[in-house]
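What follows is the content of run-v1.csv, which has CSV, C-alpha atoms:
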```csv
chain,number,residue,atom,x,y,z
A,2,MET,CA,-0.7,-12.8,26.3
A,3,ALA,CA,-3.3,-11.2,24.1
A,4,GLU,CA,-2.4,-10.8,20.4
A,5,VAL,CA,-3.2,-8.2,17.8
A,6,HIS,CA,-2.8,-8.6,14.1
A,7,VAL,CA,-2.8,-5.5,12.0
A,8,ILE,CA,-3.0,-6.4,8.3
A,9,GLY,CA,-3.7,-3.8,5.6
A,10,GLN,CA,-2.2,-1.2,3.3
A,11,ILE,CA,-1.3,2.4,3.1
A,12,MET,CA,-3.4,3.1,0.1
A,13,GLY,CA,-2.1,6.6,-0.9
A,14,ALA,CA,-2.5,10.3,-0.4
A,15,THR,CA,-4.7,13.1,-1.7
A,16,GLY,CA,-4.8,16.8,-1.3
A,17,PHE,CA,-1.1,17.6,-1.3
A,18,SER,CA,0.1,20.4,-3.5
A,19,GLU,CA,3.2,18.5,-4.5
A,20,SER,CA,2.9,15.6,-6.8
A,21,SER,CA,5.7,13.0,-6.5
A,22,LEU,CA,5.1,11.8,-3.0
A,23,PHE,CA,6.4,9.0,-0.7
A,24,CYS,CA,5.6,8.2,2.9
A,25,LYS,CA,7.8,7.1,5.7
A,26,TRP,CA,5.7,5.2,8.3
A,27,GLY,CA,6.3,3.7,11.7
A,28,VAL,CA,4.3,2.1,14.5
A,29,HIS,CA,4.8,3.2,18.0
A,30,THR,CA,3.6,1.1,20.9
A,31,GLY,CA,3.8,1.3,24.7
A,32,ALA,CA,6.2,-0.7,26.8
A,33,ALA,CA,3.9,-3.7,27.4
A,34,TRP,CA,3.7,-4.4,23.7
A,35,LYS,CA,6.0,-6.8,21.8
A,36,LEU,CA,6.3,-7.1,18.1
A,37,LEU,CA,6.3,-10.8,17.2
A,38,SER,CA,6.4,-10.6,13.4
A,39,GLY,CA,6.5,-7.9,10.8
A,40,VAL,CA,8.5,-4.7,10.3
A,41,ARG,CA,7.7,-1.8,12.5
A,42,GLU,CA,8.6,0.9,10.1
A,43,GLY,CA,9.2,1.4,6.4
A,44,GLN,CA,9.1,3.7,3.5
A,45,THR,CA,6.9,3.6,0.4
A,46,GLN,CA,8.0,4.1,-3.2
A,47,VAL,CA,7.7,7.6,-4.8
A,48,ASP,CA,4.5,7.8,-6.8
A,49,THR,CA,3.6,10.3,-9.4
A,50,PRO,CA,-0.1,10.2,-10.4
A,51,GLN,CA,-0.8,10.1,-14.1
A,52,VAL,CA,-4.5,9.9,-13.8
A,53,GLY,CA,-6.3,12.0,-11.2
A,54,ASP,CA,-4.5,13.5,-8.2
A,55,MET,CA,-4.3,10.6,-5.7
A,56,ALA,CA,-0.8,9.3,-5.3
A,57,TYR,CA,-1.1,5.5,-4.7
A,58,TRP,CA,1.4,3.5,-2.7
A,59,SER,CA,-0.6,0.3,-1.8
A,60,HIS,CA,2.1,-0.4,0.7
A,61,PRO,CA,1.4,-3.6,2.7
A,62,ILE,CA,1.4,-3.6,6.5
A,63,ASP,CA,1.4,-6.9,8.4
A,64,LEU,CA,2.2,-6.7,12.1
A,65,HIS,CA,1.7,-9.2,14.9
A,66,PHE,CA,1.8,-7.9,18.4
A,67,ALA,CA,1.6,-9.6,21.7
A,68,THR,CA,0.6,-7.5,24.8
A,69,LYS,CA,-0.1,-7.7,28.5
A,70,GLY,CA,-2.0,-4.5,28.7
A,71,LEU,CA,-4.1,-2.0,26.8
A,72,GLN,CA,-1.9,1.0,27.5
A,73,GLY,CA,0.2,2.1,24.6
A,74,TRP,CA,-2.2,0.8,22.0
A,75,PRO,CA,-0.3,1.0,18.7
A,76,ARG,CA,-0.2,4.3,16.8
A,77,LEU,CA,0.8,4.6,13.2
A,78,HIS,CA,2.9,7.8,12.5
A,79,LEU,CA,3.5,9.0,9.0
A,80,GLN,CA,5.8,11.5,7.3
A,81,VAL,CA,4.9,12.4,3.7
A,82,TRP,CA,7.7,13.8,1.6
A,83,SER,CA,7.8,15.0,-2.0
A,84,GLN,CA,10.7,14.4,-4.4
A,85,ASP,CA,11.4,16.8,-7.2
A,86,GLY,CA,13.0,16.3,-10.6
A,87,PHE,CA,16.5,16.8,-9.1
A,88,GLY,CA,16.0,14.1,-6.5
A,89,ARG,CA,15.7,16.5,-3.5
A,90,CYS,CA,13.2,15.7,-0.9
A,91,GLN,CA,11.0,18.1,0.9
A,92,LEU,CA,8.6,17.5,3.8
A,93,ALA,CA,4.9,17.6,2.8
A,94,GLY,CA,3.3,16.7,6.1
A,95,TYR,CA,3.4,14.7,9.4
A,96,GLY,CA,0.4,12.8,10.6
A,97,PHE,CA,-0.6,10.0,13.0
A,98,CYS,CA,-3.5,7.8,13.7
A,99,HIS,CA,-4.3,5.1,16.2
A,100,VAL,CA,-4.6,1.6,15.0
A,101,PRO,CA,-8.4,0.8,15.3
A,102,SER,CA,-9.4,-1.2,18.3
A,103,SER,CA,-12.4,-3.1,17.0
A,104,PRO,CA,-11.8,-6.2,14.8
A,105,GLY,CA,-12.7,-6.0,11.1
A,106,SER,CA,-11.8,-3.8,8.2
A,107,HIS,CA,-11.4,-0.1,8.6
A,108,GLN,CA,-10.8,2.8,6.2
A,109,LEU,CA,-8.7,5.5,7.8
A,110,HIS,CA,-8.1,9.0,6.5
A,111,CYS,CA,-5.2,10.5,8.4
A,112,PRO,CA,-4.9,14.3,8.2
A,113,THR,CA,-1.4,15.8,8.0
A,114,TRP,CA,0.3,19.1,8.9
A,115,ARG,CA,3.7,20.6,8.4
A,116,PRO,CA,5.6,23.1,10.6
A,117,LEU,CA,5.6,26.7,9.5
A,118,GLY,CA,8.6,29.0,10.0
A,119,PRO,CA,8.6,32.8,9.9
A,120,TRP,CA,7.6,34.5,6.7
A,121,ARG,CA,11.1,34.6,5.4
A,122,GLU,CA,11.4,30.9,5.6
A,123,GLN,CA,8.0,30.4,3.9
A,124,LEU,CA,9.1,32.6,1.0
A,125,ALA,CA,12.4,30.7,0.7
A,126,ARG,CA,10.4,27.5,0.7
A,127,ALA,CA,8.3,28.7,-2.2
A,128,PHE,CA,11.4,29.5,-4.3
A,129,VAL,CA,14.1,27.2,-3.2
A,130,GLY,CA,12.4,24.5,-1.2
A,131,GLY,CA,13.2,23.1,2.2
A,132,GLY,CA,11.5,24.3,5.3
A,133,PRO,CA,11.4,23.5,9.0
A,134,GLN,CA,11.2,19.9,10.2
A,135,LEU,CA,10.8,18.4,13.6
A,136,LEU,CA,14.0,17.4,15.4
A,137,HIS,CA,12.3,14.7,17.4
A,138,GLY,CA,9.8,12.5,15.6
A,139,ASP,CA,7.8,11.8,18.7
A,140,ALA,CA,6.0,15.2,18.6
A,141,VAL,CA,4.0,13.7,15.7
A,142,TYR,CA,2.2,11.2,18.0
A,143,SER,CA,2.5,12.8,21.4
A,144,GLY,CA,0.7,15.9,22.6
A,145,ALA,CA,3.3,17.0,25.0
A,146,ASP,CA,5.0,20.0,23.5
A,147,ARG,CA,2.7,20.8,20.6
A,148,TYR,CA,1.8,24.2,21.9
A,149,ARG,CA,5.2,25.5,20.7
A,150,LEU,CA,4.5,24.7,17.1
A,151,ARG,CA,2.8,26.7,14.4
A,152,THR,CA,1.7,24.6,11.5
A,153,ALA,CA,-0.2,24.5,8.2
A,154,ALA,CA,-2.4,21.7,6.9
A,155,GLY,CA,-1.2,19.1,4.4
A,156,GLY,CA,-3.2,16.6,2.6
A,157,LEU,CA,-4.9,13.3,3.7
A,158,VAL,CA,-3.3,9.9,3.8
A,159,HIS,CA,-5.7,7.0,3.2
A,160,LEU,CA,-5.2,3.6,4.9
A,161,GLU,CA,-7.1,0.4,4.9
A,162,LEU,CA,-6.4,-1.6,8.0
A,163,GLY,CA,-7.8,-4.9,9.2
A,164,LEU,CA,-7.7,-5.9,12.8
A,165,LEU,CA,-7.7,-9.4,14.3
A,166,LEU,CA,-7.7,-9.7,18.0
A,167,ARG,CA,-6.9,-12.9,20.0
A,168,HIS,CA,-7.2,-14.0,23.6
A,169,PHE,CA,-8.5,-10.6,24.8
A,170,ASP,CA,-11.4,-12.4,26.6
A,171,ARG,CA,-8.8,-14.1,28.9
A,172,TYR,CA,-8.0,-10.7,30.3
A,173,GLY,CA,-11.6,-9.6,30.7
A,174,VAL,CA,-11.7,-7.4,27.6
A,175,GLN,CA,-14.6,-7.8,25.3
A,176,CYS,CA,-14.2,-7.0,21.6
B,95,MET,CA,-1.8,-28.1,31.7
B,96,ALA,CA,-1.4,-29.6,28.2
B,97,ALA,CA,0.0,-27.3,25.6
B,98,ALA,CA,-2.5,-26.4,23.0
B,99,SER,CA,-1.6,-27.7,19.6
B,100,PRO,CA,-1.5,-25.1,16.8
B,101,SER,CA,-4.9,-25.0,15.2
B,102,VAL,CA,-5.1,-25.0,11.4
B,103,PHE,CA,-7.6,-22.9,9.6
B,104,LEU,CA,-8.6,-22.8,6.0
B,105,LEU,CA,-9.1,-19.7,3.8
B,106,MET,CA,-11.1,-20.3,0.6
B,107,VAL,CA,-11.0,-17.6,-2.0
B,108,ASN,CA,-13.4,-17.7,-4.9
B,109,GLY,CA,-13.7,-14.8,-7.3
B,110,GLN,CA,-12.7,-13.3,-10.5
B,111,VAL,CA,-10.6,-10.5,-12.0
B,112,GLU,CA,-13.6,-8.8,-13.5
B,113,SER,CA,-12.4,-5.8,-15.6
B,114,ALA,CA,-10.0,-2.9,-15.8
B,115,GLN,CA,-10.1,0.7,-16.6
B,116,PHE,CA,-7.1,2.0,-18.5
B,117,PRO,CA,-7.8,5.2,-20.4
B,118,GLU,CA,-4.7,5.0,-22.6
B,119,TYR,CA,-4.0,1.4,-23.3
B,120,ASP,CA,-5.8,-1.5,-25.1
B,121,ASP,CA,-5.3,-5.2,-25.8
B,122,LEU,CA,-4.3,-6.1,-22.3
B,123,TYR,CA,-3.9,-9.3,-20.4
B,124,CYS,CA,-3.3,-9.8,-16.7
B,125,LYS,CA,-1.4,-12.3,-14.6
B,126,TYR,CA,-2.2,-12.9,-11.0
B,127,CYS,CA,-0.2,-14.7,-8.2
B,128,PHE,CA,-0.5,-14.9,-4.5
B,129,VAL,CA,2.1,-13.9,-2.0
B,130,TYR,CA,1.8,-15.2,1.5
B,131,GLY,CA,3.9,-15.8,4.7
B,132,GLN,CA,5.8,-18.8,5.8
B,133,ASP,CA,3.0,-20.2,7.8
B,134,TRP,CA,0.6,-20.4,4.8
B,135,ALA,CA,0.4,-23.0,2.1
B,136,PRO,CA,-2.1,-23.5,-0.8
B,137,THR,CA,-4.0,-26.7,-0.5
B,138,ALA,CA,-6.3,-26.5,-3.5
B,139,GLY,CA,-6.7,-24.6,-6.7
B,140,LEU,CA,-4.3,-22.6,-8.8
B,141,GLU,CA,-2.2,-19.9,-7.1
B,142,GLU,CA,-1.1,-18.3,-10.4
B,143,GLY,CA,-2.8,-17.6,-13.7
B,144,ILE,CA,-2.6,-15.7,-17.0
B,145,SER,CA,-5.8,-14.3,-18.5
B,146,GLN,CA,-6.9,-13.9,-22.1
B,147,ILE,CA,-6.0,-10.8,-24.1
B,148,THR,CA,-9.0,-8.4,-24.1
B,149,SER,CA,-9.8,-5.3,-26.1
B,150,LYS,CA,-11.9,-2.4,-25.2
B,151,SER,CA,-15.6,-2.7,-25.9
B,152,GLN,CA,-17.0,-0.6,-28.8
B,153,ASP,CA,-19.7,0.9,-26.7
B,154,VAL,CA,-19.5,4.0,-24.6
B,155,ARG,CA,-18.2,2.2,-21.5
B,156,ARG,CA,-14.9,1.3,-23.2
B,157,ALA,CA,-14.5,-1.5,-20.7
B,158,LEU,CA,-11.7,-4.1,-20.7
B,159,VAL,CA,-13.3,-7.3,-19.4
B,160,TRP,CA,-11.5,-10.5,-18.4
B,161,ASN,CA,-14.0,-12.3,-16.1
B,162,PHE,CA,-11.0,-14.4,-15.1
B,163,PRO,CA,-11.7,-17.0,-12.4
B,164,ILE,CA,-9.7,-17.2,-9.2
B,165,ASP,CA,-10.2,-20.3,-7.1
B,166,VAL,CA,-7.7,-21.2,-4.4
B,167,THR,CA,-7.8,-22.5,-0.8
B,168,PHE,CA,-5.0,-21.8,1.7
B,169,LYS,CA,-4.3,-23.4,5.1
B,170,SER,CA,-2.4,-21.7,7.9
B,171,THR,CA,-1.8,-21.6,11.6
B,172,ASN,CA,-1.1,-17.9,11.9
B,173,PRO,CA,-2.8,-14.8,10.4
B,174,TYR,CA,0.6,-13.2,9.9
B,175,GLY,CA,1.5,-13.3,6.3
B,176,TRP,CA,-2.2,-13.1,5.2
B,177,PRO,CA,-2.2,-13.8,1.4
B,178,GLN,CA,-2.1,-10.9,-1.0
B,179,ILE,CA,-3.1,-11.2,-4.6
B,180,VAL,CA,-0.6,-9.5,-6.9
B,181,LEU,CA,-1.8,-8.5,-10.4
B,182,SER,CA,0.4,-7.5,-13.3
B,183,VAL,CA,-1.1,-6.2,-16.5
B,184,TYR,CA,0.7,-6.3,-19.8
B,185,GLY,CA,0.0,-5.0,-23.3
B,186,PRO,CA,1.6,-4.1,-26.6
B,187,ASP,CA,3.3,-0.7,-27.1
B,188,VAL,CA,3.4,1.3,-30.3
B,189,PHE,CA,6.1,-1.0,-31.8
B,190,GLY,CA,4.4,-4.2,-30.9
B,191,ASN,CA,6.5,-5.2,-27.9
B,192,ASP,CA,4.8,-6.7,-24.8
B,193,VAL,CA,5.4,-4.2,-22.0
B,194,VAL,CA,4.1,-4.0,-18.5
B,195,ARG,CA,1.2,-1.6,-17.9
B,196,GLY,CA,0.7,-1.9,-14.2
B,197,TYR,CA,1.3,-3.8,-11.0
B,198,GLY,CA,-0.9,-3.8,-8.0
B,199,ALA,CA,-1.5,-5.9,-4.9
B,200,VAL,CA,-4.2,-6.2,-2.3
B,201,HIS,CA,-4.8,-8.4,0.8
B,202,VAL,CA,-7.4,-11.1,0.4
B,203,PRO,CA,-10.4,-9.8,2.5
B,204,PHE,CA,-10.5,-11.0,6.1
B,205,SER,CA,-14.2,-11.4,6.7
B,206,PRO,CA,-16.4,-14.0,5.0
B,207,GLY,CA,-18.8,-12.9,2.4
B,208,ARG,CA,-18.8,-11.1,-0.9
B,209,HIS,CA,-16.3,-8.3,-1.5
B,210,LYS,CA,-15.5,-6.1,-4.4
B,211,ARG,CA,-12.0,-4.6,-4.5
B,212,THR,CA,-10.7,-1.9,-6.9
B,213,ILE,CA,-7.0,-2.0,-7.1
B,214,PRO,CA,-4.9,1.0,-8.2
B,215,MET,CA,-1.9,0.0,-10.4
B,216,PHE,CA,1.4,1.6,-10.9
B,217,VAL,CA,4.4,1.1,-13.2
B,218,PRO,CA,8.1,1.7,-12.2
B,219,GLU,CA,9.5,4.7,-13.9
B,220,SER,CA,13.1,5.6,-14.8
B,221,THR,CA,14.3,8.6,-13.1
B,222,SER,CA,16.4,10.0,-16.0
B,223,LYS,CA,14.7,11.5,-19.0
B,224,LEU,CA,17.1,9.8,-21.4
B,225,GLN,CA,16.4,6.4,-19.9
B,226,LYS,CA,12.6,7.1,-20.3
B,227,PHE,CA,13.1,7.9,-24.0
B,228,THR,CA,15.3,4.9,-24.7
B,229,SER,CA,13.0,2.6,-22.9
B,230,TRP,CA,10.0,3.9,-24.9
B,231,PHE,CA,12.0,3.6,-28.1
B,232,MET,CA,13.4,0.1,-27.5
B,233,GLY,CA,10.3,-1.3,-25.9
B,234,ARG,CA,12.3,-2.3,-22.8
B,235,ARG,CA,10.6,-0.6,-20.0
B,236,PRO,CA,11.6,-1.0,-16.3
B,237,GLU,CA,10.0,-4.1,-15.2
B,238,TYR,CA,10.2,-6.2,-12.0
B,239,THR,CA,12.0,-9.5,-12.5
B,240,ASP,CA,9.7,-11.0,-9.9
B,241,PRO,CA,6.2,-9.3,-9.6
B,242,LYS,CA,6.0,-10.6,-6.0
B,243,VAL,CA,8.1,-7.7,-4.8
B,244,VAL,CA,5.0,-5.6,-5.2
B,245,ALA,CA,3.5,-7.3,-2.2
B,246,GLN,CA,6.4,-6.7,0.1
B,247,GLY,CA,7.0,-3.6,2.1
B,248,GLU,CA,10.7,-3.6,2.4
B,249,GLY,CA,13.1,-2.2,-0.2
B,250,ARG,CA,10.7,0.2,-1.8
B,251,GLU,CA,12.7,3.3,-1.0
B,252,GLY,CA,14.5,3.6,-4.3
B,253,GLU,CA,11.6,3.2,-6.6
B,254,THR,CA,9.7,5.8,-8.5
B,255,ALA,CA,6.4,4.9,-9.9
B,256,GLY,CA,3.8,6.5,-12.0
B,257,ALA,CA,0.3,5.6,-11.1
B,258,GLU,CA,-1.9,4.7,-14.0
B,259,THR,CA,-5.1,4.3,-12.1
B,260,LEU,CA,-6.4,1.1,-13.6
B,261,PHE,CA,-8.9,-0.8,-11.6
B,262,PRO,CA,-9.3,-4.6,-11.8
B,263,GLU,CA,-12.4,-5.3,-9.8
B,264,GLN,CA,-12.4,-8.5,-7.9
B,265,PRO,CA,-15.4,-9.8,-6.1
B,266,ALA,CA,-14.4,-12.5,-3.7
```
Show me the file's structure as C-alpha cells.
Amino acid sequence: MAEVHVIGQIMGATGFSESSLFCKWGVHTGAAWKLLSGVREGQTQVDTPQVGDMAYWSHPIDLHFATKGLQGWPRLHLQVWSQDGFGRCQLAGYGFCHVPSSPGSHQLHCPTWRPLGPWREQLARAFVGGGPQLLHGDAVYSGADRYRLRTAAGGLVHLELGLLLRHFDRYGVQC
Amino acid sequence: MAAASPSVFLLMVNGQVESAQFPEYDDLYCKYCFVYGQDWAPTAGLEEGISQITSKSQDVRRALVWNFPIDVTFKSTNPYGWPQIVLSVYGPDVFGNDVVRGYGAVHVPFSPGRHKRTIPMFVPESTSKLQKFTSWFMGRRPEYTDPKVVAQGEGREGETAGAETLFPEQPA
C-alpha cells in the first residue's frame, strides 16, 4: 500500500470581520484510504489578535494514510467560527482545500464563504447574530448541490502543510 | 519474501532561536523543548534549554536577541510524530513577577538545508473580566502546567488565547 504523511499546521486566518475566531477542521478521504495514525478532525483554540489582524492558531496536523488508489485524495475542510464576549458562537465561513499531491512544504491559503439568507435574516444577523448554516457538512467539499446556495465571502485560512509520499512508485505513480 | 526490517533514519537539527519582536514587553527569556511521537527518540544533543534574559537594544530596531543554540539529533522509523519545537517566553510584569508572555510551536522543517521560521506566539486568556483583573494584579496569569500541550492538537476547544505576535526566528 502506498503511504502519505501530511504534517503541518493550520497557521491562522485573516480577512474576517469578526475578531475572536476558532476553526473546526476535518479531513475527508475516499473509500480506498485508511488512516493509520493521527486524528482526522479537531478544533483549534479561540484566538483574539492583539497585534495586527491575523488570528493565529498554529494548530498541528499530523496524519498518516495508507491507500490503494488515487481516488478520493484527502481534502481538508474547515469551518471558521467566531465567539463573542458572551460565549456565543457564530459561523464566519466554510472552506476546503485539497491536500497537495507533490512532496515538500506547501503554503496554502484557503478562501471561505458563508451562506446568506434573505434580507431579513441578514439584518437580524447584524443585530442579534446567528445566521444560516449548512445542515450537511459535505456540501463544503462536494460540488453536488452547490447551485442551491447563495453565499458571501469570508476571510482566508492559512495553512502550511508538508507532504511525504512513500511506495507510490510500486503502483506506477511518479512523484 | 523476507519481511523488510524497519529502517531507521536520523534527523539532525542545528540552529538557534535568533530573536523576538514583542512590542510591549522587555527583559524576556525563552525556553525551548521538543515534542515528538512515540517512534522518535533523541540520540544526541539537548532536547530542552533555557536562554539568557535579554533586553531590547537601544537602537531603532528595538530587537530582543538571544542567539540561543539548538543542537539535537533524533532517530526514528516513522515520519508520524515529526518533532515540533515548542517555545515559551517569560518576562517580568509590572510587579516583578515572572509571567508567561507567549507560547508557540512549529514542526522542524522536512527538507534538508537552511530554513528560517517565524513563529507567532499566543498566551492563554481568562474568559471573565474579573479573572483577568485579578490575574494581572496578583501576577498569576493563566499558564500551562506543561508547555508541551501547545504542540498537541487535541483538547484545544476550551481555550481562549490572545495572540501577541512575537517572532522568534529560527534558522535550522
Enumerate as a VMD selection string the residues belonging to chain A that approach chain B to within 9 Å, with only C-alpha atoms taken into account. chain A and resid 6 to 10 12 21 23 38 to 40 43 to 53 55 to 65 86 88 105 to 106 163 to 165
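Of the residues listed (A:Ile11, A:Gly138, A:Pro112, A:His168), A:His168 shows the shortest atom-to-atom separation from Thr68 in chain A; distances use all atoms listed in the file.
Nearest to Pro101 in chain A of all the residues A:Gly156, A:Pro75, A:Gly118, A:Gly131 is A:Pro75, counting only C-alpha atoms.
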Residues at most 8 Å from range 102-106 of chain B, counting all atoms listed in the file, excluding those fewer than 6 positions away in the same chain, as an MDAnalysis selection string? chainID B and resid 165:171
Contacts of Val193 in chain B at 6 Å (all atoms listed in the file; same-chain gap of 2+ positions) as a ChimeraX atom specification: /B:184-186
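Interatomic distance, CA of Ala32 in chain A against CA of His159 in chain A: 27.5 Å.
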Nearest-residue call for His29 in chain A, choices A:Gly16, A:Gly96, A:Gly173, A:Gly73, using only C-alpha atoms: A:Gly73
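In this structure, CA of Ala145 in chain A sits 28.1 Å away from CA of Glu161 in chain A.
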